[in-house]
Amino acid sequence: MKKLINSPDTVLDDALAGVAAAHPTLKVDLEARIITRAGGPSVGKVALISGGGSGHEPLHGGFVGPGMLHAACPGEVFTSPVPDQMLAAAQAADGGAGVVFVVKNYTGDVLNFEMAAELAGEDGIEVATVLVDDDVAVKDSTWTAGRRGTGATVFVEKIAGALAEQGADLASVAEIGRRVNAASRSFAVALSPCTTPAAGKPGFELAEDEMEVGVGIHGEPGRSREKLEPAAAIVARSLDAIFADQPLAAGEETIVMVNGLGGTPLIELYVAYADVAKYFAERGVRIVRNLVGNYITSLEMAGASFTVCKADEQMLALWDAPVNTPALRWGA
Amino acid sequence: MDIHQTRTWVRSIAAAMDQHKDHLTQLDSAIGDADHGVNMQRGFTAVVAALDGYEPAGVGDVLVKTGTTLISKVGGAAGPLYGTFFRATGKQLTGPVADAEQLAAALDAGLAGVQKLGAAVPGDKTMVDALTPALEAFGAAARAGEDEATAAEKAAEAAETGAKDTIPLQARKGRASYLGSRSTGHQDPGATSTALIFRTLAEVLKP
Ligand SMILES: Nc1ncnc2c1ncn2[C@@H]1O[C@H](COP(=O)(O)OP(=O)(O)OP(=O)(O)O)[C@@H](O)[C@H]1O
Ligand SMILES: [Mg+2]
């Protein structure tokens with residue numbers, strides 16, 4: 001294992017210390033392991049709180065700030081945070097109008113947030129939960145834990161965060177979050193695996209000429225293992241899977257994210273985006289907003305994920321609303 | 001089982017998790033995210049620290065403290081699930097000692113807590129596949145008038161068999177379920193850690 005770290009045991013604490021030192025707009029509680037806005041709660045406004053295993057930076061801590069999250073709870077690398085963190089975050093961020101938990105659909109995250117919601121409720125804090133489950137690589141059936149939450153999390157946090165900033169009530173903020181999730185689909189392809197600091201070796205193996213199609217953000221195996229293909233074919237494969245799950249007609253408007261998994265240079269993401277733009281143009285489906293970059297990563301995994309949100313007018317207006325966080329900033 | 005034995009049980013679980021950390025993580029890397037051994041070791045190390053200097057009034061207090069600490073420290077699926085198991089078990093045991101029948105009833109409450117939270121049933125390829133046969137064996141022995149040492153030995157054997165029997169199963173809960181039919185042929189990590197927990201109980205209670 002070759003990593004820019006001091007010790008595998010202290011990666012999270014060391015990284016949080018770095019976040020604290022780098023971003024005066026954030027308040028990092030190293031003891032409680034939560035990241036909140038330096039300005040404290042917004043009185044009378046709903047607070048959006050998210051969290052999950054670390055290793056997906058900038059998600060979630062990089063999205064804390066006006067117009068997006070109020071607090072983030074980073075767990076150990078690839079392990080969900082514990083209820084104490086979400087409770088502390090809820091207590092620190094609640095401005096009296098309640099909190100929305102944005103939870104990616106993994107058993108660990110779901111159970112820990114559920115326990116936290118119970119504890120926060122006992123504390124008199126109103127909690128609503130938005131479950132994100134956008135990864136079409138996994139079949140959603142009663143026989144699985146359901147679809148995994150991936151790229152749509154960024155869209156949910158941006159759009160619901162904007163509505164919360166405007167002073168909407170708890171039910172409305174949760175409702176738009178759920179609507180964004182329902183309108184979003186993602187698919188990812190890995191070109192190389194990743195290594196958690198604690199494990200010290202890759203979570204899976206890929207030969208030089210292989211790729212994992214439908215990979216999860218923790219390196220979970222996907223739909224199939226294939227021979228490496230040109231970017232255009234990888235994009236077509238991924239978007240085919242997305243369009244098969246949520247057909248999009250000519251003229252429809254979308255927000256599209258081409259996201260790097262951590263080990264893929266931006267130049268390659270732009271190569272992929274060109275193919276994405278072409279794919280959409282051929283079908284007459286409009287990309288009216290886009291993100292190209294590293295927003296929800298899997299440590300140093302090479303590859304990309306593609307997220308498509310079929311956006312309505314309200315979603316687009318909220319997308320354009322000002323946001324001022326370390327990893328997403330415009331209009332502010 | 002008295003308070004001292006309960007403490008020893010929990011400390012022995014910590015030692016077992018230390019020893020089997022790599023194996024559990026290896027099982028989890030086949031069908032999960034390669035963190036189960038690390039999670040369990042981190043959790044029980046914290047439990048040992050939390051029990052240091054703690055003065056429990058009853059057997060159950062030790063187990064409730066264990067569960068609460070696991071919930072606070074482990075994360076993942078295993079943290080809330082094992083945390084709930086120990087808390088729900090502990091809440092039933094108010095006295096300074098527990099006999100076989102009291103233990104059997106308390107462990108059943110622990111399993112009920114796990115199933116209420118995680119909604120897994122036997123056959124889903126989870127810890128429930130080791131817990132269920134273990135508690136059936138423990139309960140049957142207790143009802144037959146056996147002492148807790150014998151009941152625990154039978155429970156350990158049943159848990160070990162239950163864990164092995166997860167190998168051909170297709171996972172329907174947790175991270176492993178994403179693999180669909182590719183989850184078959186691997187032993188479930190959570191069922192394996194459950195077997196370790198009952199093996200240590202049998203060892204601690206062995207006269
Ligand atoms: N719904 C469930 N009910 C009972 N046991 C479960 C359930 N889901 C998972 N498990 C058990 O949890 C074990 C995995 O625990 P582990 O500590 O690896 O958490 P995890 O699933 O990796 O959590 P995270 O997703 O946050 O990393 C599985 O082997 C299985 O026995
Ligand atoms: Mg795991």
# chains A, B, ... in the order shown; residues from 1 in each chain; ligands from 1
$ closest_atom_pairs --of "chain B" --to "ligand 2" --cutoff "7 Å" --atoms "only C-alpha atoms and all ligand atoms" --output "JSON lines"
{"residue": "B:Asp28", "atom": "CA", "partner": "ligand 2", "partner_atom_place_in_ligand_line": "1 (Mg)", "distance": 5.6}
{"residue": "B:Gly32", "atom": "CA", "partner": "ligand 2", "partner_atom_place_in_ligand_line": "1 (Mg)", "distance": 5.0}
{"residue": "B:Asp33", "atom": "CA", "partner": "ligand 2", "partner_atom_place_in_ligand_line": "1 (Mg)", "distance": 4.5}
{"residue": "B:Ala34", "atom": "CA", "partner": "ligand 2", "partner_atom_place_in_ligand_line": "1 (Mg)", "distance": 5.4}
{"residue": "B:Asp35", "atom": "CA", "partner": "ligand 2", "partner_atom_place_in_ligand_line": "1 (Mg)", "distance": 4.5}
{"residue": "B:His36", "atom": "CA", "partner": "ligand 2", "partner_atom_place_in_ligand_line": "1 (Mg)", "distance": 4.7}
{"residue": "B:Gly76", "atom": "CA", "partner": "ligand 2", "partner_atom_place_in_ligand_line": "1 (Mg)", "distance": 6.8}
$ residues_around --residues "Cys194 in chain A" --least-positions-apart "5" --cutoff "12 Å" --atoms "only C-alpha atoms" --output "count of residues only"
33
$ closest_atom_pairs --of "chain B" --to "ligand 1" --cutoff "6 Å" --atoms "only C-alpha atoms and all ligand atoms" --output "tab-separated table"
residue	atom	partner	partner_atom_place_in_ligand_line	distance
B:Gly32	CA	ligand 1	22 (O)	6.0
B:Asp33	CA	ligand 1	22 (O)	5.4
B:Asp35	CA	ligand 1	18 (O)	5.1
B:His36	CA	ligand 1	18 (O)	3.7
B:Asn39	CA	ligand 1	17 (O)	5.4
B:Gly76	CA	ligand 1	26 (O)	3.0
B:Ala77	CA	ligand 1	19 (O)	4.0
B:Ala78	CA	ligand 1	17 (O)	4.2
B:Gly118	CA	ligand 1	1 (N)	3.6
B:Ala119	CA	ligand 1	1 (N)	5.5
B:Ala120	CA	ligand 1	3 (N)	4.5
B:Thr126	CA	ligand 1	31 (O)	3.4
B:Met127	CA	ligand 1	31 (O)	3.9
B:Val128	CA	ligand 1	4 (C)	5.7
B:Lys173	CA	ligand 1	1 (N)	5.0
B:Gly174	CA	ligand 1	8 (N)	3.5
B:Arg175	CA	ligand 1	21 (O)	5.3
B:Asp188	CA	ligand 1	29 (O)	4.8
B:Pro189	CA	ligand 1	29 (O)	4.1
B:Gly190	CA	ligand 1	31 (O)	3.2
B:Ala191	CA	ligand 1	31 (O)	5.1
$ closest_atom_pairs --of "chain A" --to "chain B" --cutoff "9 Å" --atoms "only C-alpha atoms" --output "tab-separated table"
residue	atom	partner	partner_atom	distance
A:Gly53	CA	B:Gly76	CA	8.6
A:Gly75	CA	B:Gly75	CA	7.4
A:Glu76	CA	B:Gly75	CA	8.2
A:Phe78	CA	B:Asp33	CA	7.7
A:Thr79	CA	B:Gly76	CA	5.2
A:Ser80	CA	B:Gly76	CA	4.8
A:Pro81	CA	B:Gly75	CA	5.2
A:Val82	CA	B:Gly75	CA	4.7
A:Pro83	CA	B:Ser72	CA	6.5
A:Asp84	CA	B:Ser72	CA	6.0
A:Gln85	CA	B:Ser72	CA	8.6
A:Tyr106	CA	B:Arg175	CA	6.9
A:Thr107	CA	B:Gly174	CA	5.4
A:Gly108	CA	B:Ala77	CA	3.8
A:Asp109	CA	B:Gly76	CA	6.6
A:Val110	CA	B:Ala77	CA	8.4
A:Leu111	CA	B:Pro80	CA	6.5
A:Asn112	CA	B:Pro80	CA	6.4
A:Met115	CA	B:Pro80	CA	7.9
A:Ala137	CA	B:Tyr178	CA	8.9
A:Val138	CA	B:Tyr178	CA	6.1
A:Lys139	CA	B:Tyr178	CA	7.8
A:Thr142	CA	B:Arg172	CA	8.1
A:Trp143	CA	B:Arg172	CA	4.9
A:Thr144	CA	B:Arg172	CA	4.8
A:Ala145	CA	B:Lys173	CA	5.2
A:Gly146	CA	B:Tyr178	CA	7.9
A:Arg147	CA	B:Tyr178	CA	8.0
A:Arg148	CA	B:Tyr178	CA	8.4
A:Thr196	CA	B:Ala34	CA	8.8
A:Ala198	CA	B:Val38	CA	7.6
A:Ala199	CA	B:Ala34	CA	7.2
A:Gly203	CA	B:Ser29	CA	6.3
A:Phe204	CA	B:Ser29	CA	7.8
A:His218	CA	B:Asp33	CA	6.6
A:Gly219	CA	B:Asp33	CA	7.4
A:Glu220	CA	B:Asp33	CA	6.7
A:Pro221	CA	B:Leu179	CA	6.9
A:Gly222	CA	B:Leu179	CA	7.5
A:Arg223	CA	B:Leu179	CA	8.2
$ residues_around --residues "range 141-154 of chain B" --least-positions-apart "5" --cutoff "10 Å" --atoms "only C-alpha atoms" --output "ChimeraX atom specification"
/B:1,98-105,133-136,159-160,198-207
$ select_by_dssp --residues "range 161-198 of chain A" --states "helix (DSSP H, G or I)" --output "PyMOL selection string"
chain A and resi 161-165+170-182
$ write_last_selection --atoms "C-alpha atoms" --output "compact mmCIF listing (two decimals), in the first residue's frame"
# COMPACT_ATOMS: atom_id res chain seq x y z
CA GLY A 161 -30.34 22.30 0.45
CA ALA A 162 -31.38 25.23 -1.73
CA LEU A 163 -35.03 24.83 -0.77
CA ALA A 164 -34.09 24.65 2.92
CA GLU A 165 -32.08 27.86 2.48
CA LEU A 170 -39.49 20.15 6.77
CA ALA A 171 -42.05 18.23 4.70
CA SER A 172 -41.35 20.29 1.57
CA VAL A 173 -37.58 19.94 1.85
CA ALA A 174 -37.85 16.17 2.33
CA GLU A 175 -40.36 15.94 -0.52
CA ILE A 176 -38.13 17.65 -3.09
CA GLY A 177 -35.23 15.48 -1.94
CA ARG A 178 -37.28 12.35 -2.58
CA ARG A 179 -38.45 13.71 -5.91
CA VAL A 180 -34.87 14.37 -7.07
CA ASN A 181 -33.88 10.86 -6.03
CA ALA A 182 -36.83 9.35 -7.87
$ residues_around --residues "Arg7 in chain B" --least-positions-apart "6" --cutoff "9 Å" --atoms "only C-alpha atoms" --output "ChimeraX atom specification"
/B:48,51,59,62-63
$ write_last_selection --atoms "all heavy atoms" --output "mmCIF file, in the first residue's frame"
data_model
loop_
_atom_site.group_PDB
_atom_site.id
_atom_site.type_symbol
_atom_site.label_atom_id
_atom_site.label_comp_id
_atom_site.auth_asym_id
_atom_site.auth_seq_id
_atom_site.Cartn_x
_atom_site.Cartn_y
_atom_site.Cartn_z
ATOM 1 N N VAL B 48 -14.106 -3.261 25.869
ATOM 2 C CA VAL B 48 -13.193 -3.608 26.970
ATOM 3 C C VAL B 48 -12.803 -2.340 27.727
ATOM 4 O O VAL B 48 -12.809 -2.299 28.960
ATOM 5 C CB VAL B 48 -11.940 -4.343 26.426
ATOM 6 C CG1 VAL B 48 -10.874 -4.467 27.503
ATOM 7 C CG2 VAL B 48 -12.339 -5.723 25.914
ATOM 8 N N LEU B 51 -15.692 -1.123 29.863
ATOM 9 C CA LEU B 51 -15.998 -1.947 31.044
ATOM 10 C C LEU B 51 -14.962 -1.757 32.144
ATOM 11 O O LEU B 51 -15.206 -2.093 33.307
ATOM 12 C CB LEU B 51 -16.073 -3.426 30.647
ATOM 13 C CG LEU B 51 -17.305 -3.842 29.839
ATOM 14 C CD1 LEU B 51 -17.246 -5.328 29.496
ATOM 15 C CD2 LEU B 51 -18.594 -3.522 30.601
ATOM 16 N N VAL B 59 -25.841 -8.907 35.857
ATOM 17 C CA VAL B 59 -25.290 -9.494 34.640
ATOM 18 C C VAL B 59 -25.693 -8.662 33.417
ATOM 19 O O VAL B 59 -24.888 -8.373 32.530
ATOM 20 C CB VAL B 59 -25.815 -10.944 34.489
ATOM 21 C CG1 VAL B 59 -25.552 -11.498 33.097
ATOM 22 C CG2 VAL B 59 -25.207 -11.836 35.557
ATOM 23 N N VAL B 62 -23.703 -5.464 32.306
ATOM 24 C CA VAL B 62 -22.489 -5.668 31.505
ATOM 25 C C VAL B 62 -22.859 -5.749 30.030
ATOM 26 O O VAL B 62 -22.211 -5.158 29.159
ATOM 27 C CB VAL B 62 -21.773 -6.977 31.922
ATOM 28 C CG1 VAL B 62 -20.532 -7.209 31.067
ATOM 29 C CG2 VAL B 62 -21.423 -6.941 33.402
ATOM 30 N N LEU B 63 -23.948 -6.477 29.751
ATOM 31 C CA LEU B 63 -24.339 -6.692 28.354
ATOM 32 C C LEU B 63 -24.944 -5.429 27.737
ATOM 33 O O LEU B 63 -24.702 -5.136 26.565
ATOM 34 C CB LEU B 63 -25.312 -7.870 28.260
ATOM 35 C CG LEU B 63 -24.716 -9.197 28.760
ATOM 36 C CD1 LEU B 63 -25.773 -10.312 28.697
ATOM 37 C CD2 LEU B 63 -23.484 -9.604 27.966
#
$ atom_distance --atom1 "CA of Glu210 in chain A" --atom2 "CA of Ala231 in chain A"
13.4 Å
$ residues_around --residues "range 183-186 of chain A" --least-positions-apart "3" --cutoff "12 Å" --atoms "only C-alpha atoms" --output "count of residues only"
58
$ closest_residue --among "A:Lys45, A:Gly39, A:Gly52, A:Tyr295" --to "Asn105 in chain A" --atoms "only C-alpha atoms"
A:Gly52
$ residues_around --residues "Gly58 in chain B" --least-positions-apart "4" --cutoff "7 Å" --atoms "only C-alpha atoms" --output "PyMOL selection string"
chain B and resi 3+94-96
$ residues_around --residues "Thr166 in chain B" --least-positions-apart "4" --cutoff "7 Å" --atoms "only C-alpha atoms" --output "JSON, numbers by chain"
{"B": [125, 162, 187, 188]}
$ write_last_selection --atoms "N, CA, C and O atoms" --output "tab-separated table (two decimals), in the first residue's frame"
chain	number	residue	atom	x	y	z
B	125	LYS	N	-28.83	-15.37	4.69
B	125	LYS	CA	-27.37	-15.33	4.72
B	125	LYS	C	-26.87	-14.14	5.55
B	125	LYS	O	-26.18	-13.24	5.06
B	162	GLY	N	-24.48	-23.46	11.69
B	162	GLY	CA	-25.30	-22.45	11.02
B	162	GLY	C	-24.45	-21.54	10.14
B	162	GLY	O	-24.84	-21.20	9.02
B	187	GLN	N	-18.91	-18.06	2.90
B	187	GLN	CA	-19.50	-18.06	4.25
B	187	GLN	C	-19.75	-16.62	4.70
B	187	GLN	O	-18.91	-15.74	4.50
B	188	ASP	N	-20.91	-16.38	5.32
B	188	ASP	CA	-21.25	-15.03	5.75
B	188	ASP	C	-20.38	-14.58	6.91
B	188	ASP	O	-20.26	-15.28	7.92
$ atom_distance --atom1 "CA of Lys65 in chain B" --atom2 "CA of Arg87 in chain B"
7.4 Å
$ atom_distance --atom1 "CA of Gly331 in chain A" --atom2 "CA of Pro66 in chain A"
11.1 Å
$ decode --residues "range 79-91 of chain A" --atoms "all heavy atoms" --output "short mmCIF file (atom, residue, chain, number, x, y, z; two decimals), in the first residue's frame"
data_model
loop_
_atom_site.label_atom_id
_atom_site.label_comp_id
_atom_site.auth_asym_id
_atom_site.auth_seq_id
_atom_site.Cartn_x
_atom_site.Cartn_y
_atom_site.Cartn_z
N THR A 79 -17.15 2.85 6.06
CA THR A 79 -18.03 2.31 7.09
C THR A 79 -18.95 3.43 7.55
O THR A 79 -18.51 4.55 7.78
CB THR A 79 -17.21 1.79 8.29
OG1 THR A 79 -16.39 0.72 7.85
CG2 THR A 79 -18.13 1.27 9.38
N SER A 80 -20.23 3.11 7.69
CA SER A 80 -21.18 4.16 8.04
C SER A 80 -20.81 4.80 9.37
O SER A 80 -20.19 4.16 10.21
CB SER A 80 -22.58 3.57 8.12
OG SER A 80 -22.68 2.78 9.28
N PRO A 81 -21.20 6.04 9.57
CA PRO A 81 -20.98 6.69 10.87
C PRO A 81 -21.88 6.06 11.93
O PRO A 81 -22.76 5.25 11.60
CB PRO A 81 -21.37 8.14 10.60
CG PRO A 81 -22.25 8.11 9.39
CD PRO A 81 -21.86 6.92 8.60
N VAL A 82 -21.67 6.45 13.18
CA VAL A 82 -22.47 5.89 14.28
C VAL A 82 -23.54 6.89 14.70
O VAL A 82 -23.41 8.09 14.44
CB VAL A 82 -21.56 5.51 15.48
CG1 VAL A 82 -20.56 4.44 15.05
CG2 VAL A 82 -20.85 6.72 16.05
N PRO A 83 -24.62 6.39 15.35
CA PRO A 83 -25.75 7.27 15.69
C PRO A 83 -25.34 8.49 16.51
O PRO A 83 -25.93 9.56 16.35
CB PRO A 83 -26.68 6.36 16.49
CG PRO A 83 -26.31 4.98 16.10
CD PRO A 83 -24.88 4.99 15.71
N ASP A 84 -24.34 8.34 17.38
CA ASP A 84 -23.91 9.48 18.22
C ASP A 84 -23.52 10.67 17.36
O ASP A 84 -23.75 11.82 17.73
CB ASP A 84 -22.70 9.11 19.08
CG ASP A 84 -22.93 7.85 19.90
OD1 ASP A 84 -23.66 6.97 19.42
OD2 ASP A 84 -22.37 7.74 21.00
N GLN A 85 -22.90 10.38 16.20
CA GLN A 85 -22.47 11.48 15.32
C GLN A 85 -23.68 12.21 14.74
O GLN A 85 -23.72 13.44 14.73
CB GLN A 85 -21.63 10.93 14.16
CG GLN A 85 -20.23 10.51 14.56
CD GLN A 85 -19.53 9.77 13.43
OE1 GLN A 85 -19.61 8.56 13.34
NE2 GLN A 85 -18.85 10.49 12.56
N MET A 86 -24.65 11.45 14.25
CA MET A 86 -25.81 12.09 13.65
C MET A 86 -26.62 12.85 14.70
O MET A 86 -27.18 13.91 14.42
CB MET A 86 -26.70 11.06 12.95
CG MET A 86 -26.16 10.60 11.61
SD MET A 86 -24.80 9.43 11.78
CE MET A 86 -25.65 7.88 11.58
N LEU A 87 -26.65 12.30 15.92
CA LEU A 87 -27.36 13.00 16.99
C LEU A 87 -26.65 14.32 17.29
O LEU A 87 -27.30 15.38 17.39
CB LEU A 87 -27.42 12.12 18.25
CG LEU A 87 -28.09 12.78 19.45
CD1 LEU A 87 -29.54 13.12 19.16
CD2 LEU A 87 -27.99 11.88 20.69
N ALA A 88 -25.32 14.26 17.42
CA ALA A 88 -24.56 15.49 17.70
C ALA A 88 -24.75 16.50 16.56
O ALA A 88 -24.90 17.70 16.81
CB ALA A 88 -23.08 15.16 17.87
N ALA A 89 -24.79 15.99 15.33
CA ALA A 89 -24.98 16.88 14.18
C ALA A 89 -26.36 17.53 14.23
O ALA A 89 -26.52 18.73 13.97
CB ALA A 89 -24.79 16.12 12.87
N ALA A 90 -27.37 16.73 14.56
CA ALA A 90 -28.73 17.25 14.63
C ALA A 90 -28.83 18.32 15.72
O ALA A 90 -29.44 19.38 15.52
CB ALA A 90 -29.72 16.12 14.89
N GLN A 91 -28.20 18.05 16.85
CA GLN A 91 -28.24 19.03 17.95
C GLN A 91 -27.52 20.31 17.55
O GLN A 91 -27.96 21.42 17.88
CB GLN A 91 -27.61 18.43 19.21
CG GLN A 91 -28.50 17.37 19.84
CD GLN A 91 -27.76 16.48 20.83
OE1 GLN A 91 -26.52 16.40 20.80
NE2 GLN A 91 -28.49 15.82 21.72
#
